[in-house]
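Participant: My questions all concern the structure below.
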Amino acid sequence: MKKVLVTGGTVFVSRYVAEYYVKKGYDVYVLNRNTRPQSEGVTFIEANRRNLGDLLKAHHFDVVFDVTAYNADDIS
């Protein structure tokens, strides 16, 4: 089973992406600050994308969807 990481995962595009891959049978992880309800079937990683440290060091993901951007610096 492929492991997928989705940044955000609770609203708009990132929520759709996370739920789509859960329905397809992927092992889906979402990384967010836990300010909104999480989708059913995901594994939640609570973190701020700007302060990850070594939080993801022990993980391996086959696909990463970084669909959370607040300003131009987040996508550069």
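In the structure tokens, the first chain shown is A, the next is B, and so on; residue numbers restart at 1 for each chain, and ligands run from 1 in the order shown.
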May I have all residues of chain A that DSSP, computed from the backbone, assigns to alpha helix (DSSP H), given as a PDB file with N, CA and C atoms, in the first residue's frame?

Facilitator:
ATOM      1  N   PHE A  12     -11.018  22.618   1.592  1.00  0.00           N
ATOM      2  CA  PHE A  12     -10.886  22.869   0.172  1.00  0.00           C
ATOM      3  C   PHE A  12     -10.139  21.747  -0.555  1.00  0.00           C
ATOM      4  N   VAL A  13      -9.121  22.061  -1.308  1.00  0.00           N
ATOM      5  CA  VAL A  13      -8.442  21.088  -2.171  1.00  0.00           C
ATOM      6  C   VAL A  13      -7.765  19.991  -1.360  1.00  0.00           C
ATOM      7  N   SER A  14      -7.079  20.351  -0.287  1.00  0.00           N
ATOM      8  CA  SER A  14      -6.338  19.340   0.474  1.00  0.00           C
ATOM      9  C   SER A  14      -7.270  18.306   1.098  1.00  0.00           C
ATOM     10  N   ARG A  15      -8.449  18.708   1.552  1.00  0.00           N
ATOM     11  CA  ARG A  15      -9.420  17.755   2.110  1.00  0.00           C
ATOM     12  C   ARG A  15      -9.902  16.799   1.010  1.00  0.00           C
ATOM     13  N   TYR A  16     -10.201  17.343  -0.154  1.00  0.00           N
ATOM     14  CA  TYR A  16     -10.636  16.512  -1.274  1.00  0.00           C
ATOM     15  C   TYR A  16      -9.547  15.498  -1.647  1.00  0.00           C
ATOM     16  N   VAL A  17      -8.305  15.949  -1.728  1.00  0.00           N
ATOM     17  CA  VAL A  17      -7.193  15.063  -2.081  1.00  0.00           C
ATOM     18  C   VAL A  17      -7.062  13.950  -1.043  1.00  0.00           C
ATOM     19  N   ALA A  18      -7.074  14.305   0.227  1.00  0.00           N
ATOM     20  CA  ALA A  18      -6.942  13.296   1.288  1.00  0.00           C
ATOM     21  C   ALA A  18      -8.067  12.268   1.215  1.00  0.00           C
ATOM     22  N   GLU A  19      -9.296  12.721   1.102  1.00  0.00           N
ATOM     23  CA  GLU A  19     -10.433  11.801   1.067  1.00  0.00           C
ATOM     24  C   GLU A  19     -10.450  10.960  -0.200  1.00  0.00           C
ATOM     25  N   TYR A  20     -10.033  11.513  -1.302  1.00  0.00           N
ATOM     26  CA  TYR A  20      -9.963  10.771  -2.564  1.00  0.00           C
ATOM     27  C   TYR A  20      -9.025   9.569  -2.418  1.00  0.00           C
ATOM     28  N   TYR A  21      -7.843   9.817  -1.866  1.00  0.00           N
ATOM     29  CA  TYR A  21      -6.870   8.728  -1.759  1.00  0.00           C
ATOM     30  C   TYR A  21      -7.229   7.725  -0.667  1.00  0.00           C
ATOM     31  N   VAL A  22      -7.925   8.145   0.370  1.00  0.00           N
ATOM     32  CA  VAL A  22      -8.439   7.191   1.353  1.00  0.00           C
ATOM     33  C   VAL A  22      -9.404   6.236   0.660  1.00  0.00           C
ATOM     34  N   LYS A  23     -10.318   6.793  -0.145  1.00  0.00           N
ATOM     35  CA  LYS A  23     -11.296   5.956  -0.857  1.00  0.00           C
ATOM     36  C   LYS A  23     -10.634   4.992  -1.837  1.00  0.00           C
TER      37      LYS A  23
END

Participant: Find the spatial neighbours of Arg49 in chain A, counting only C-alpha atoms, within a cut-off of 8 Å - ignore same-chain residues fewer than 4 positions away - and output them as a list in words.

Facilitator: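 After dropping sequence-adjacent residues, the list is Thr7, Leu31 and Asn32 of chain A.
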
Participant: Looking only at the backbone, which of the residues in chain A does DSSP tag as strand (DSSP E or B), as a list in words?

Facilitator: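 Taking chain A and keeping strand (DSSP E or B) gives Lys3, Val4, Leu5, Val6, Thr7, Asp27, Val28, Tyr29, Val30, Leu31, Asn32, Thr43, Phe44, Ile45, Glu46, Val63, Val64 and Phe65 of chain A.
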
Participant: How would the residues just chosen look if you wrote them out with N, CA and C atoms as a PDB file, in the first residue's frame?

Facilitator:
ATOM      1  N   LYS A   3       1.974   5.031   0.755  1.00  0.00           N
ATOM      2  CA  LYS A   3       1.765   6.026   1.796  1.00  0.00           C
ATOM      3  C   LYS A   3       1.774   7.414   1.176  1.00  0.00           C
ATOM      4  N   VAL A   4       0.741   8.181   1.502  1.00  0.00           N
ATOM      5  CA  VAL A   4       0.559   9.513   0.946  1.00  0.00           C
ATOM      6  C   VAL A   4       0.540  10.519   2.099  1.00  0.00           C
ATOM      7  N   LEU A   5       1.255  11.626   1.933  1.00  0.00           N
ATOM      8  CA  LEU A   5       1.198  12.730   2.883  1.00  0.00           C
ATOM      9  C   LEU A   5       0.536  13.918   2.204  1.00  0.00           C
ATOM     10  N   VAL A   6      -0.456  14.493   2.882  1.00  0.00           N
ATOM     11  CA  VAL A   6      -1.136  15.682   2.382  1.00  0.00           C
ATOM     12  C   VAL A   6      -0.967  16.786   3.422  1.00  0.00           C
ATOM     13  N   THR A   7      -0.388  17.916   3.010  1.00  0.00           N
ATOM     14  CA  THR A   7      -0.332  19.044   3.934  1.00  0.00           C
ATOM     15  C   THR A   7      -1.718  19.669   3.989  1.00  0.00           C
ATOM     16  N   ASP A  27      -2.767   4.609   2.167  1.00  0.00           N
ATOM     17  CA  ASP A  27      -2.492   4.917   3.563  1.00  0.00           C
ATOM     18  C   ASP A  27      -2.206   6.413   3.622  1.00  0.00           C
ATOM     19  N   VAL A  28      -3.199   7.217   4.020  1.00  0.00           N
ATOM     20  CA  VAL A  28      -3.124   8.671   3.907  1.00  0.00           C
ATOM     21  C   VAL A  28      -2.825   9.317   5.261  1.00  0.00           C
ATOM     22  N   TYR A  29      -1.806  10.156   5.266  1.00  0.00           N
ATOM     23  CA  TYR A  29      -1.436  10.965   6.422  1.00  0.00           C
ATOM     24  C   TYR A  29      -1.728  12.418   6.079  1.00  0.00           C
ATOM     25  N   VAL A  30      -2.232  13.167   7.058  1.00  0.00           N
ATOM     26  CA  VAL A  30      -2.413  14.597   6.882  1.00  0.00           C
ATOM     27  C   VAL A  30      -1.594  15.315   7.946  1.00  0.00           C
ATOM     28  N   LEU A  31      -0.982  16.405   7.538  1.00  0.00           N
ATOM     29  CA  LEU A  31      -0.177  17.205   8.451  1.00  0.00           C
ATOM     30  C   LEU A  31      -0.817  18.583   8.559  1.00  0.00           C
ATOM     31  N   ASN A  32      -1.280  18.909   9.767  1.00  0.00           N
ATOM     32  CA  ASN A  32      -1.897  20.216   9.981  1.00  0.00           C
ATOM     33  C   ASN A  32      -1.848  20.580  11.462  1.00  0.00           C
ATOM     34  N   THR A  43      -4.475   9.293   8.845  1.00  0.00           N
ATOM     35  CA  THR A  43      -3.616   9.319  10.026  1.00  0.00           C
ATOM     36  C   THR A  43      -3.172  10.760  10.204  1.00  0.00           C
ATOM     37  N   PHE A  44      -3.427  11.302  11.372  1.00  0.00           N
ATOM     38  CA  PHE A  44      -3.187  12.710  11.636  1.00  0.00           C
ATOM     39  C   PHE A  44      -1.804  12.938  12.244  1.00  0.00           C
ATOM     40  N   ILE A  45      -1.074  13.911  11.695  1.00  0.00           N
ATOM     41  CA  ILE A  45       0.196  14.362  12.252  1.00  0.00           C
ATOM     42  C   ILE A  45       0.014  15.838  12.600  1.00  0.00           C
ATOM     43  N   GLU A  46       0.042  16.165  13.878  1.00  0.00           N
ATOM     44  CA  GLU A  46      -0.146  17.557  14.290  1.00  0.00           C
ATOM     45  C   GLU A  46       1.183  18.292  14.250  1.00  0.00           C
ATOM     46  N   VAL A  63       4.174   9.473  -1.968  1.00  0.00           N
ATOM     47  CA  VAL A  63       3.666  10.676  -2.631  1.00  0.00           C
ATOM     48  C   VAL A  63       3.443  11.748  -1.566  1.00  0.00           C
ATOM     49  N   VAL A  64       3.823  12.993  -1.882  1.00  0.00           N
ATOM     50  CA  VAL A  64       3.553  14.129  -1.001  1.00  0.00           C
ATOM     51  C   VAL A  64       2.791  15.180  -1.794  1.00  0.00           C
ATOM     52  N   PHE A  65       1.622  15.541  -1.281  1.00  0.00           N
ATOM     53  CA  PHE A  65       0.822  16.615  -1.875  1.00  0.00           C
ATOM     54  C   PHE A  65       0.929  17.833  -0.965  1.00  0.00           C
TER      55      PHE A  65
END

Participant: Need the shell around Tyr70 in chain A: protein/DNA/RNA residues with any atom at most 12 Å away, counting only C-alpha atoms. Skip same-chain ones fewer than 5 positions apart. Format as JSON, numbers by chain?

Facilitator: {"A": [8, 49, 50, 75, 76]}

Participant: Kindly indicate which residue among A:Gly25, A:Asn48, A:Ser39, A:Leu56 lies nearest to Thr68 in chain A, using only C-alpha atoms for the distances.

Facilitator: A:Asn48

Participant: Could you check which of A:Val67, A:Leu52, A:Ala58, A:Ala72 is closest to Thr10 in chain A, using only C-alpha atoms?

Facilitator: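 So, comparing all the options, the nearest one is A:Val67.
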
Participant: Could you state the separation of CA of Asp66 in chain A and CA of Gly41 in chain A in Å, given to one decimal place?

Facilitator: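 Taking CA of Asp66 in chain A as the start and CA of Gly41 in chain A as the end point, the length is 19.0 Å.
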